file model07.pdb (PDB, C-alpha atoms)
ATOM      1  CA  MET F 166     -38.381  76.790 -71.841
ATOM      2  CA  LYS F 167     -36.430  74.458 -69.429
ATOM      3  CA  LYS F 168     -37.351  74.468 -65.817
ATOM      4  CA  TYR F 169     -34.704  74.018 -63.049
ATOM      5  CA  TYR F 170     -35.586  72.759 -59.610
ATOM      6  CA  LEU F 171     -33.218  74.454 -57.157
ATOM      7  CA  PRO F 172     -33.843  72.172 -54.169
ATOM      8  CA  ALA F 173     -32.875  69.035 -56.129
ATOM      9  CA  ILE F 174     -29.620  70.633 -57.351
ATOM     10  CA  LEU F 175     -28.619  71.627 -53.816
ATOM     11  CA  ILE F 176     -29.189  68.111 -52.483
ATOM     12  CA  ALA F 177     -27.054  66.516 -55.208
ATOM     13  CA  LEU F 178     -24.212  68.995 -54.625
ATOM     14  CA  CYS F 179     -24.155  68.318 -50.894
ATOM     15  CA  SER F 180     -23.955  64.565 -51.547
ATOM     16  CA  VAL F 181     -20.850  64.981 -53.726
ATOM     17  CA  ILE F 182     -19.135  67.136 -51.108
ATOM     18  CA  ALA F 183     -19.955  64.650 -48.279
ATOM     19  CA  TYR F 184     -18.592  61.656 -50.237
ATOM     20  CA  SER F 185     -15.332  63.396 -51.068
ATOM     21  CA  CYS F 186     -14.792  64.312 -47.370
ATOM     22  CA  LYS F 187     -15.605  60.828 -45.927
ATOM     23  CA  LYS F 188     -12.771  59.409 -43.688
ATOM     24  CA  GLU F 189     -11.090  56.183 -44.681
ATOM     25  CA  ASP F 190     -12.443  53.390 -42.451
ATOM     26  CA  ASN F 191      -9.598  50.903 -43.038
ATOM     27  CA  PRO F 192      -6.549  51.328 -40.798
ATOM     28  CA  ALA F 193      -3.184  52.115 -42.236
ATOM     29  CA  PRO F 194      -0.985  49.095 -42.901
ATOM     30  CA  ASN F 195       1.442  50.169 -40.152
ATOM     31  CA  ASP F 196      -1.152  50.485 -37.399
ATOM     32  CA  PRO F 197      -0.049  48.288 -34.452
ATOM     33  CA  PRO F 198      -2.213  45.233 -33.648
ATOM     34  CA  THR F 199      -4.164  45.075 -30.429
ATOM     35  CA  GLY F 200      -4.294  42.282 -27.821
ATOM     36  CA  GLY F 201      -1.448  40.319 -26.205
ATOM     37  CA  GLY F 202      -1.237  39.398 -22.550
ATOM     38  CA  GLY F 203       0.752  39.510 -19.405
ATOM     39  CA  GLY F 204       0.980  43.240 -18.870
ATOM     40  CA  GLY F 205       2.314  46.218 -20.760
ATOM     41  CA  GLY F 206       2.856  49.921 -20.662
ATOM     42  CA  GLY F 207       5.567  52.028 -22.193
ATOM     43  CA  GLY F 208       6.730  51.662 -25.743
ATOM     44  CA  GLY F 209       8.144  48.127 -25.491
ATOM     45  CA  THR F 210       7.340  45.134 -27.630
ATOM     46  CA  LEU F 211       4.044  43.471 -26.764
ATOM     47  CA  ALA F 212       4.599  40.206 -24.872
ATOM     48  CA  MET F 213       2.995  37.908 -22.335
ATOM     49  CA  MET F 214       4.301  35.997 -19.330
ATOM     50  CA  ILE F 215       3.093  32.671 -17.966
ATOM     51  CA  ILE F 216       3.902  30.879 -14.718
ATOM     52  CA  ASP F 217       5.399  27.502 -15.625
ATOM     53  CA  ASN F 218       4.091  25.745 -12.480
ATOM     54  CA  GLY F 219       0.498  26.547 -13.419
ATOM     55  CA  ALA F 220      -2.324  25.795 -11.010
ATOM     56  CA  THR F 221      -1.022  23.469  -8.335
ATOM     57  CA  SER F 222      -1.593  22.064  -4.861
ATOM     58  CA  MET F 223       0.894  21.093  -2.189
ATOM     59  CA  ALA F 224       1.053  19.902   1.383
ATOM     60  CA  LEU F 225       2.348  21.722   4.425
ATOM     61  CA  GLY F 226       5.987  20.965   5.071
ATOM     62  CA  ASN F 227       7.030  21.058   1.409
ATOM     63  CA  THR F 228       8.510  23.862  -0.677
ATOM     64  CA  VAL F 229       8.366  24.580  -4.413
ATOM     65  CA  ALA F 230      10.491  26.721  -6.738
ATOM     66  CA  TYR F 231       8.469  28.851  -9.170
ATOM     67  CA  THR F 232       9.588  29.854 -12.665
ATOM     68  CA  ALA F 233       7.991  31.947 -15.399
ATOM     69  CA  THR F 234       8.392  32.238 -19.161
ATOM     70  CA  ILE F 235       8.097  35.305 -21.412
ATOM     71  CA  ILE F 236       6.624  34.883 -24.887
ATOM     72  CA  ASP F 237       7.175  37.807 -27.254
ATOM     73  CA  LEU F 238       4.807  38.711 -30.065
ATOM     74  CA  ASP F 239       7.173  37.160 -32.629
ATOM     75  CA  GLY F 240       7.122  33.838 -30.719
ATOM     76  CA  THR F 241      10.469  34.229 -28.941
ATOM     77  CA  VAL F 242      10.441  32.367 -25.619
ATOM     78  CA  THR F 243      12.748  33.385 -22.764
ATOM     79  CA  LEU F 244      13.010  32.626 -19.066
ATOM     80  CA  ALA F 245      11.685  35.438 -16.901
ATOM     81  CA  THR F 246      14.861  36.036 -14.929
ATOM     82  CA  GLY F 247      14.705  38.567 -12.135
ATOM     83  CA  ALA F 248      10.960  38.192 -11.679
ATOM     84  CA  SER F 249       9.509  39.193  -8.342
ATOM     85  CA  TRP F 250       7.095  36.787  -6.657
ATOM     86  CA  SER F 251       4.322  37.347  -4.141
ATOM     87  CA  SER F 252       1.475  35.515  -2.456
ATOM     88  CA  SER F 253      -1.976  36.964  -1.947
ATOM     89  CA  SER F 254      -1.924  35.744   1.677
ATOM     90  CA  THR F 255       1.305  35.467   3.657
ATOM     91  CA  SER F 256      -0.579  33.556   6.360
ATOM     92  CA  ILE F 257      -0.912  30.691   3.875
ATOM     93  CA  ALA F 258       2.230  30.928   1.729
ATOM     94  CA  THR F 259       5.347  33.098   1.630
ATOM     95  CA  PHE F 260       8.142  33.601  -0.888
ATOM     96  CA  SER F 261      11.896  33.760  -0.466
ATOM     97  CA  GLY F 262      13.066  34.719  -3.922
ATOM     98  CA  ASN F 263      11.197  32.319  -6.190
ATOM     99  CA  VAL F 264      10.829  29.570  -3.555
ATOM    100  CA  LEU F 265       7.390  29.283  -1.985
ATOM    101  CA  SER F 266       6.905  27.888   1.527
ATOM    102  CA  PRO F 267       3.396  27.070   2.757
ATOM    103  CA  VAL F 268       2.657  28.143   6.329
ATOM    104  CA  GLY F 269      -1.072  27.453   6.576
ATOM    105  CA  GLN F 270      -3.950  25.682   4.919
ATOM    106  CA  GLY F 271      -6.027  27.429   2.255
ATOM    107  CA  SER F 272      -5.842  28.871  -1.261
ATOM    108  CA  VAL F 273      -3.809  31.815  -2.534
ATOM    109  CA  THR F 274      -2.967  33.561  -5.785
ATOM    110  CA  VAL F 275       0.683  33.560  -6.794
ATOM    111  CA  THR F 276       1.770  36.647  -8.739
ATOM    112  CA  ALA F 277       4.918  37.092 -10.815
ATOM    113  CA  SER F 278       6.088  40.479 -12.100
ATOM    114  CA  VAL F 279       9.036  41.382 -14.327
ATOM    115  CA  SER F 280      10.234  44.296 -16.463
ATOM    116  CA  HIS F 281      10.693  43.368 -20.127
ATOM    117  CA  ASN F 282      11.615  45.742 -22.967
ATOM    118  CA  GLY F 283      10.273  48.762 -21.108
ATOM    119  CA  ALA F 284       7.003  47.071 -20.128
ATOM    120  CA  THR F 285       5.953  45.489 -16.845
ATOM    121  CA  LEU F 286       4.612  41.981 -17.342
ATOM    122  CA  THR F 287       2.585  40.145 -14.706
ATOM    123  CA  ALA F 288       1.155  36.645 -14.442
ATOM    124  CA  ILE F 289      -0.909  34.856 -11.819
ATOM    125  CA  ALA F 290      -1.610  31.241 -10.863
ATOM    126  CA  PRO F 291      -3.729  29.652  -8.130
ATOM    127  CA  LEU F 292      -2.229  27.526  -5.354
ATOM    128  CA  VAL F 293      -3.946  25.315  -2.775
ATOM    129  CA  VAL F 294      -2.122  24.380   0.434
ATOM    130  CA  GLN F 295      -3.463  21.235   2.050
ATOM    131  CA  LEU F 296      -2.822  19.367   5.252
ATOM    132  CA  PRO F 297      -0.173  16.659   4.826
ATOM    133  CA  GLY F 298      -1.499  13.217   3.996
ATOM    134  CA  ILE F 299      -1.195  10.190   6.281
ATOM    135  CA  PHE F 300       0.516   7.085   4.913
ATOM    136  CA  VAL F 301       0.511   3.930   7.061
ATOM    137  CA  VAL F 302       0.729   0.173   6.535
ATOM    138  CA  GLY F 303      -1.089  -2.536   8.444
ATOM    139  CA  PRO F 304       0.013  -4.543  10.219
ATOM    140  CA  SER F 305       2.754  -2.169  11.383
ATOM    141  CA  ALA F 306       4.897  -5.069  12.694
ATOM    142  CA  ILE F 307       4.832  -8.860  12.350
ATOM    143  CA  LEU F 308       5.790 -11.526  14.918
ATOM    144  CA  VAL F 309       5.030 -15.124  13.916
ATOM    145  CA  GLU F 310       6.404 -18.630  14.192
ATOM    146  CA  THR F 311       7.883 -20.658  11.358
ATOM    147  CA  GLY F 312       5.230 -22.262   9.219
ATOM    148  CA  TRP F 313       2.828 -19.356   9.714
ATOM    149  CA  SER F 314       0.367 -18.659   6.905
ATOM    150  CA  ASP F 315       0.944 -15.756   4.498
ATOM    151  CA  ILE F 316      -0.048 -12.248   5.609
ATOM    152  CA  THR F 317      -1.102  -9.463   3.221
ATOM    153  CA  LEU F 318       0.156  -5.950   3.949
ATOM    154  CA  GLU F 319      -2.486  -3.209   3.550
ATOM    155  CA  PRO F 320      -1.161   0.281   2.715
ATOM    156  CA  LEU F 321      -3.484   3.139   3.683
ATOM    157  CA  TYR F 322      -3.193   6.738   2.524
ATOM    158  CA  ILE F 323      -5.415   9.577   3.747
ATOM    159  CA  GLY F 324      -4.898  12.743   1.740
ATOM    160  CA  THR F 325      -5.572  14.491  -1.537
ATOM    161  CA  GLU F 326      -2.776  13.065  -3.683
ATOM    162  CA  THR F 327      -2.566   9.717  -5.462
ATOM    163  CA  ALA F 328      -0.329   7.338  -3.508
ATOM    164  CA  THR F 329      -0.358   4.384  -5.886
ATOM    165  CA  PRO F 330       1.500   2.466  -7.122
ATOM    166  CA  TYR F 331       2.963   0.878  -3.986
ATOM    167  CA  THR F 332       6.191  -1.121  -4.104
ATOM    168  CA  PHE F 333       7.208  -3.820  -1.605
ATOM    169  CA  SER F 334      10.653  -5.208  -0.811
ATOM    170  CA  SER F 335      12.331  -7.389   1.843
ATOM    171  CA  ASN F 336      15.935  -7.019   2.977
ATOM    172  CA  ASN F 337      16.169 -10.733   3.913
ATOM    173  CA  THR F 338      14.095 -13.057   1.777
ATOM    174  CA  SER F 339      15.432 -16.132   3.632
ATOM    175  CA  VAL F 340      13.276 -14.970   6.547
ATOM    176  CA  ALA F 341      10.326 -13.389   4.708
ATOM    177  CA  SER F 342       9.633 -12.525   1.084
ATOM    178  CA  VAL F 343       6.936 -10.200  -0.237
ATOM    179  CA  SER F 344       5.092 -10.153  -3.555
ATOM    180  CA  SER F 345       4.330  -7.121  -5.723
ATOM    181  CA  SER F 346       0.825  -7.074  -4.213
ATOM    182  CA  GLY F 347       2.084  -7.088  -0.607
ATOM    183  CA  VAL F 348       1.654 -10.773   0.294
ATOM    184  CA  VAL F 349       4.296 -11.772   2.877
ATOM    185  CA  THR F 350       5.552 -15.379   2.923
ATOM    186  CA  PHE F 351       7.593 -16.635   5.907
ATOM    187  CA  ASN F 352      10.564 -18.733   4.831
ATOM    188  CA  GLY F 353      12.642 -19.260   7.969
ATOM    189  CA  SER F 354      13.413 -18.075  11.457
ATOM    190  CA  GLY F 355      15.109 -14.711  11.992
ATOM    191  CA  SER F 356      14.286 -11.061  11.453
ATOM    192  CA  CYS F 357      14.020  -8.715   8.481
ATOM    193  CA  ASP F 358      12.449  -5.442   7.335
ATOM    194  CA  ILE F 359       9.811  -5.072   4.644
ATOM    195  CA  THR F 360       9.739  -1.626   3.029
ATOM    196  CA  VAL F 361       6.559  -0.240   1.453
ATOM    197  CA  VAL F 362       6.996   2.794  -0.812
ATOM    198  CA  ALA F 363       4.156   5.074  -1.973
ATOM    199  CA  SER F 364       5.613   5.885  -5.384
ATOM    200  CA  GLY F 365       2.813   8.258  -6.336
ATOM    201  CA  LEU F 366       3.369  10.666  -3.437
ATOM    202  CA  ASP F 367       5.797  13.566  -3.495
ATOM    203  CA  GLY F 368       9.172  12.325  -2.285
ATOM    204  CA  SER F 369       8.072   8.661  -2.447
ATOM    205  CA  PRO F 370       7.678   8.208   1.328
ATOM    206  CA  ALA F 371       8.363   4.744   2.746
ATOM    207  CA  VAL F 372       7.067   2.753   5.702
ATOM    208  CA  VAL F 373       9.204  -0.023   7.201
ATOM    209  CA  VAL F 374       7.430  -3.057   8.678
ATOM    210  CA  PRO F 375       9.709  -5.099  11.003
ATOM    211  CA  VAL F 376       9.258  -8.872  10.774
ATOM    212  CA  MET F 377      10.397 -11.500  13.289
ATOM    213  CA  VAL F 378       9.910 -15.210  12.672
ATOM    214  CA  LEU F 379      10.448 -17.477  15.681
ATOM    215  CA  GLY F 380      11.824 -20.962  15.137
ATOM    216  CA  ALA F 381      10.357 -23.995  16.882
ATOM    217  CA  PRO F 382      11.779 -24.113  20.433
ATOM    218  CA  PRO F 383      14.065 -27.117  21.105
ATOM    219  CA  ILE F 384      12.320 -29.736  23.229
ATOM    220  CA  THR F 385      14.433 -32.175  25.244
ATOM    221  CA  PRO F 386      12.662 -35.501  25.696
ATOM    222  CA  PRO F 387      12.391 -36.483  29.360
ATOM    223  CA  ILE F 388      14.763 -39.061  30.868
ATOM    224  CA  THR F 389      12.898 -42.267  31.548
ATOM    225  CA  ARG F 390      15.721 -44.653  32.504
ATOM    226  CA  VAL F 391      19.155 -44.492  34.145
ATOM    227  CA  VAL F 392      21.572 -47.433  33.982
ATOM    228  CA  VAL F 393      24.351 -47.613  36.643
ATOM    229  CA  SER F 394      27.401 -49.818  36.206
ATOM    230  CA  PRO F 395      28.934 -51.922  37.530
ATOM    231  CA  ASP F 396      25.829 -53.567  38.799
ATOM    232  CA  ILE F 397      27.120 -54.558  42.245
ATOM    233  CA  SER F 398      25.753 -53.762  45.632
ATOM    234  CA  ASP F 399      28.355 -55.187  48.045
ATOM    235  CA  ILE F 400      31.972 -54.117  48.515
ATOM    236  CA  PHE F 401      34.524 -54.958  51.226
ATOM    237  CA  LYS F 402      36.034 -52.484  53.615
ATOM    238  CA  GLY F 403      38.937 -50.692  51.996
ATOM    239  CA  GLU F 404      37.786 -51.423  48.452
ATOM    240  CA  THR F 405      36.825 -48.708  45.974
ATOM    241  CA  VAL F 406      34.469 -48.982  43.069
ATOM    242  CA  THR F 407      33.971 -46.507  40.253
ATOM    243  CA  TYR F 408      30.414 -46.219  39.071
ATOM    244  CA  THR F 409      29.168 -44.753  35.818
ATOM    245  CA  ALA F 410      25.632 -43.904  34.786
ATOM    246  CA  LYS F 411      23.860 -43.526  31.463
ATOM    247  CA  ALA F 412      20.496 -41.847  30.947
ATOM    248  CA  TYR F 413      17.967 -42.849  28.276
ATOM    249  CA  ASN F 414      14.753 -41.242  27.006
ATOM    250  CA  ALA F 415      11.515 -42.970  26.189
ATOM    251  CA  ASN F 416      12.801 -43.817  22.719
ATOM    252  CA  GLY F 417      15.783 -45.660  24.192
ATOM    253  CA  THR F 418      18.203 -42.978  23.021
ATOM    254  CA  GLU F 419      21.082 -42.217  25.355
ATOM    255  CA  MET F 420      20.962 -38.628  26.634
ATOM    256  CA  THR F 421      24.631 -37.661  26.579
ATOM    257  CA  GLY F 422      25.643 -35.414  29.440
ATOM    258  CA  ALA F 423      22.358 -35.817  31.241
ATOM    259  CA  ALA F 424      23.594 -38.257  33.912
TER     260      ALA F 424
END
call {"tool": "encode", "arguments": {"input": "model07.pdb", "output": "structure tokens"}}
result
Amino acid sequence: MKKYYLPAILIALCSVIAYSCKKEDNPAPNDPPTGGGGGGGGGGTLAMMIIDNGATSMALGNTVAYTATIIDLDGTVTLATGASWSSSSTSIATFSGNVLSPVGQGSVTVTASVSHNGATLTAIAPLVVQLPGIFVVGPSAILVETGWSDITLEPLYIGTETATPYTFSSNNTSVASVSSSGVVTFNGSGSCDITVVASGLDGSPAVVVPVMVLGAPPITPPITRVVVSPDISDIFKGETVTYTAKAYNANGTEMTGAA
């Protein structure tokens, strides 16, 4: 006679039922992907927005126009027109439209926001506002005589940007010329301007160094001899005599107009 074990049968039956009711772990092929960037909400296409200027620094007194780009999930790139712009601290930087104007020193976060396909996209970028740099050239002016030895101009920049390379030019090389390294050579008497440009700085600021070269002053040799003619000392009453005189220097050269 066969024996049946009831507990074992019940366990096997429950296992079959549990397997047939197990939920599919794999997502359906049409499930939307997750991720993306730049904001969202609503039922629009997933997209991200980036600020084209990126992380940047600028000096007080300058302005900068900000732009942003939208990148859709399918790779389509469009300009984020109509974006609104804001600064995390209006005591450091303010916006008028998309143009930022720094008003104080420090760091802020720039935020752009735009509506795109039913979603609100946002992007942020850091900005540092620094004190304006100081760009000077030494010597600031030159006054020499003809024959003076060469002088080297020394540009000096105090700030956070890179000022180099410097360029040098003279507006009258017959008076003074300047090399690419700032060495000034004096070629003749007169005046000119030497311009030094900091090409690496925003706006390529320039410093003008005025140059004046004095010529040798004219020296008139002293008169050492005067000859009077005619060489007579006696005349009669009623007679007239016309005298002439010639002046000579120590070299025996007649000094015209001196006598």
call {"tool": "residues_around", "arguments": {"input": "model07.pdb", "residues": "Val301 in chain F", "least_positions_apart": "6", "cutoff": "12 Å", "atoms": "all atoms listed in the file", "output": "number ranges by chain"}}
result
F: 318-324, 328, 331, 360-363, 370-374
call {"tool": "resolve_selection", "arguments": {"input": "model07.pdb", "expression": "the PyMOL selection byres ((chain F and resi 265) around 8)", "output": "list in words"}}
result
Thr228, Val229, Ala230, Tyr231, Ala258, Thr259, Phe260, Ser261, Asn263, Val264, Ser266 and Pro267 of chain F
call {"tool": "resolve_selection", "arguments": {"input": "model07.pdb", "expression": "the PyMOL selection byres ((chain F and resi 238-246) around 10)", "output": "PyMOL selection string"}}
result
chain F and resi 201-202+210-217+232-237+247-249+277-281+286
call {"tool": "write_last_selection", "arguments": {"input": "model07.pdb", "atoms": "C-alpha atoms", "output": "tab-separated table (two decimals), in the frame of the given file"}}
result
chain	number	residue	atom	x	y	z
F	201	GLY	CA	-1.45	40.32	-26.20
F	202	GLY	CA	-1.24	39.40	-22.55
F	210	THR	CA	7.34	45.13	-27.63
F	211	LEU	CA	4.04	43.47	-26.76
F	212	ALA	CA	4.60	40.21	-24.87
F	213	MET	CA	3.00	37.91	-22.34
F	214	MET	CA	4.30	36.00	-19.33
F	215	ILE	CA	3.09	32.67	-17.97
F	216	ILE	CA	3.90	30.88	-14.72
F	217	ASP	CA	5.40	27.50	-15.62
F	232	THR	CA	9.59	29.85	-12.66
F	233	ALA	CA	7.99	31.95	-15.40
F	234	THR	CA	8.39	32.24	-19.16
F	235	ILE	CA	8.10	35.30	-21.41
F	236	ILE	CA	6.62	34.88	-24.89
F	237	ASP	CA	7.18	37.81	-27.25
F	247	GLY	CA	14.70	38.57	-12.14
F	248	ALA	CA	10.96	38.19	-11.68
F	249	SER	CA	9.51	39.19	-8.34
F	277	ALA	CA	4.92	37.09	-10.82
F	278	SER	CA	6.09	40.48	-12.10
F	279	VAL	CA	9.04	41.38	-14.33
F	280	SER	CA	10.23	44.30	-16.46
F	281	HIS	CA	10.69	43.37	-20.13
F	286	LEU	CA	4.61	41.98	-17.34
call {"tool": "atom_distance", "arguments": {"input": "model07.pdb", "atom1": "CA of Asp315 in chain F", "atom2": "CA of Val376 in chain F"}}
result
12.5 Å
call {"tool": "closest_residue", "arguments": {"input": "model07.pdb", "among": "F:Ser254, F:Thr350, F:Thr405, F:Ser364", "to": "Ser314 in chain F", "atoms": "all atoms listed in the file"}}
result
F:Thr350
call {"tool": "closest_residue", "arguments": {"input": "model07.pdb", "among": "F:Pro291, F:Pro375, F:Gly283, F:Pro304", "to": "Ser222 in chain F", "atoms": "all atoms listed in the file"}}
result
F:Pro291
call {"tool": "resolve_selection", "arguments": {"input": "model07.pdb", "expression": "the PyMOL selection byres ((chain F and resi 225) around 8)", "output": "ChimeraX atom specification"}}
result
/F:223-224,226-227,267-270,294-297
call {"tool": "atom_distance", "arguments": {"input": "model07.pdb", "atom1": "CA of Val393 in chain F", "atom2": "CA of Thr407 in chain F"}}
result
10.3 Å
call {"tool": "atom_distance", "arguments": {"input": "model07.pdb", "atom1": "CA of Cys357 in chain F", "atom2": "CA of Gly298 in chain F"}}
result
27.2 Å
call {"tool": "closest_residue", "arguments": {"input": "model07.pdb", "among": "F:Gly312, F:Gly353, F:Gly417, F:Gly271", "to": "Thr389 in chain F", "atoms": "only C-alpha atoms"}}
result
F:Gly417
call {"tool": "axis_aligned_box", "arguments": {"input": "model07.pdb", "around": "range 409-415 of chain F", "padding_each_side": "3 Å", "output": "lines of an AutoDock Vina configuration file"}}
result
center_x = 20.3
center_y = -43.0
center_z = 31.0
size_x = 23.7
size_y = 9.5
size_z = 15.6
call {"tool": "residues_around", "arguments": {"input": "model07.pdb", "residues": "Ser335 in chain F", "least_positions_apart": "4", "cutoff": "8 Å", "atoms": "only C-alpha atoms", "output": "NGL selection string"}}
result
:F and (341-343 or 357-360)
call {"tool": "write_last_selection", "arguments": {"input": "model07.pdb", "atoms": "C-alpha atoms", "output": "JSON list (two decimals), in the coordinates of the input"}}
result
[["chain", "number", "residue", "atom", "x", "y", "z"],
["F", 341, "ALA", "CA", 10.33, -13.39, 4.71],
["F", 342, "SER", "CA", 9.63, -12.52, 1.08],
["F", 343, "VAL", "CA", 6.94, -10.20, -0.24],
["F", 357, "CYS", "CA", 14.02, -8.72, 8.48],
["F", 358, "ASP", "CA", 12.45, -5.44, 7.34],
["F", 359, "ILE", "CA", 9.81, -5.07, 4.64],
["F", 360, "THR", "CA", 9.74, -1.63, 3.03]]
call {"tool": "residues_around", "arguments": {"input": "model07.pdb", "residues": "Val392 in chain F", "least_positions_apart": "6", "cutoff": "8 Å", "atoms": "only C-alpha atoms", "output": "VMD selection string"}}
result
chain F and resid 410 to 412
call {"tool": "build_atoms", "arguments": {"input": "model07.pdb", "residues": "range 395-414 of chain F", "atoms": "N, CA, C and O atoms", "output": "short mmCIF file (atom, residue, chain, number, x, y, z; two decimals), keeping the file's coordinate frame"}}
result
data_model
loop_
_atom_site.label_atom_id
_atom_site.label_comp_id
_atom_site.auth_asym_id
_atom_site.auth_seq_id
_atom_site.Cartn_x
_atom_site.Cartn_y
_atom_site.Cartn_z
N PRO F 395 29.33 -50.50 37.57
CA PRO F 395 28.93 -51.92 37.53
C PRO F 395 27.71 -52.18 38.40
O PRO F 395 27.41 -51.42 39.33
N ASP F 396 27.06 -53.23 38.08
CA ASP F 396 25.83 -53.57 38.80
C ASP F 396 26.17 -54.46 40.00
O ASP F 396 25.90 -55.66 40.03
N ILE F 397 26.81 -53.85 41.01
CA ILE F 397 27.12 -54.56 42.24
C ILE F 397 26.63 -53.75 43.41
O ILE F 397 26.56 -52.52 43.35
N SER F 398 26.28 -54.44 44.46
CA SER F 398 25.75 -53.76 45.63
C SER F 398 26.61 -53.94 46.88
O SER F 398 26.43 -53.22 47.87
N ASP F 399 27.54 -54.92 46.85
CA ASP F 399 28.36 -55.19 48.04
C ASP F 399 29.83 -54.96 47.72
O ASP F 399 30.33 -55.41 46.68
N ILE F 400 30.53 -54.29 48.62
CA ILE F 400 31.97 -54.12 48.52
C ILE F 400 32.58 -54.32 49.89
O ILE F 400 31.91 -54.13 50.92
N PHE F 401 33.84 -54.77 49.94
CA PHE F 401 34.52 -54.96 51.23
C PHE F 401 35.14 -53.65 51.68
O PHE F 401 35.40 -52.74 50.89
N LYS F 402 35.43 -53.65 53.01
CA LYS F 402 36.03 -52.48 53.62
C LYS F 402 37.40 -52.25 52.99
O LYS F 402 38.20 -53.17 52.84
N GLY F 403 37.67 -51.07 52.61
CA GLY F 403 38.94 -50.69 52.00
C GLY F 403 38.92 -50.76 50.48
O GLY F 403 39.88 -50.31 49.82
N GLU F 404 37.88 -51.35 49.91
CA GLU F 404 37.79 -51.42 48.45
C GLU F 404 37.16 -50.13 47.90
O GLU F 404 36.40 -49.45 48.58
N THR F 405 37.46 -49.83 46.67
CA THR F 405 36.83 -48.71 45.97
C THR F 405 36.23 -49.19 44.68
O THR F 405 36.79 -50.11 44.03
N VAL F 406 35.15 -48.63 44.32
CA VAL F 406 34.47 -48.98 43.07
C VAL F 406 34.09 -47.69 42.34
O VAL F 406 33.54 -46.76 42.95
N THR F 407 34.36 -47.66 41.07
CA THR F 407 33.97 -46.51 40.25
C THR F 407 32.68 -46.82 39.51
O THR F 407 32.61 -47.82 38.78
N TYR F 408 31.71 -46.02 39.72
CA TYR F 408 30.41 -46.22 39.07
C TYR F 408 30.25 -45.22 37.92
O TYR F 408 30.71 -44.08 37.97
N THR F 409 29.57 -45.63 36.92
CA THR F 409 29.17 -44.75 35.82
C THR F 409 27.67 -44.91 35.61
O THR F 409 27.08 -45.94 35.98
N ALA F 410 27.08 -43.87 35.02
CA ALA F 410 25.63 -43.90 34.79
C ALA F 410 25.33 -43.39 33.38
O ALA F 410 26.00 -42.48 32.87
N LYS F 411 24.35 -43.96 32.77
CA LYS F 411 23.86 -43.53 31.46
C LYS F 411 22.36 -43.30 31.54
O LYS F 411 21.64 -44.09 32.15
N ALA F 412 21.91 -42.19 30.93
CA ALA F 412 20.50 -41.85 30.95
C ALA F 412 19.91 -42.09 29.57
O ALA F 412 20.55 -41.84 28.53
N TYR F 413 18.66 -42.56 29.53
CA TYR F 413 17.97 -42.85 28.28
C TYR F 413 16.58 -42.20 28.29
O TYR F 413 15.93 -42.10 29.34
N ASN F 414 16.11 -41.77 27.10
CA ASN F 414 14.75 -41.24 27.01
C ASN F 414 13.80 -42.36 26.67
O ASN F 414 14.17 -43.54 26.59
#
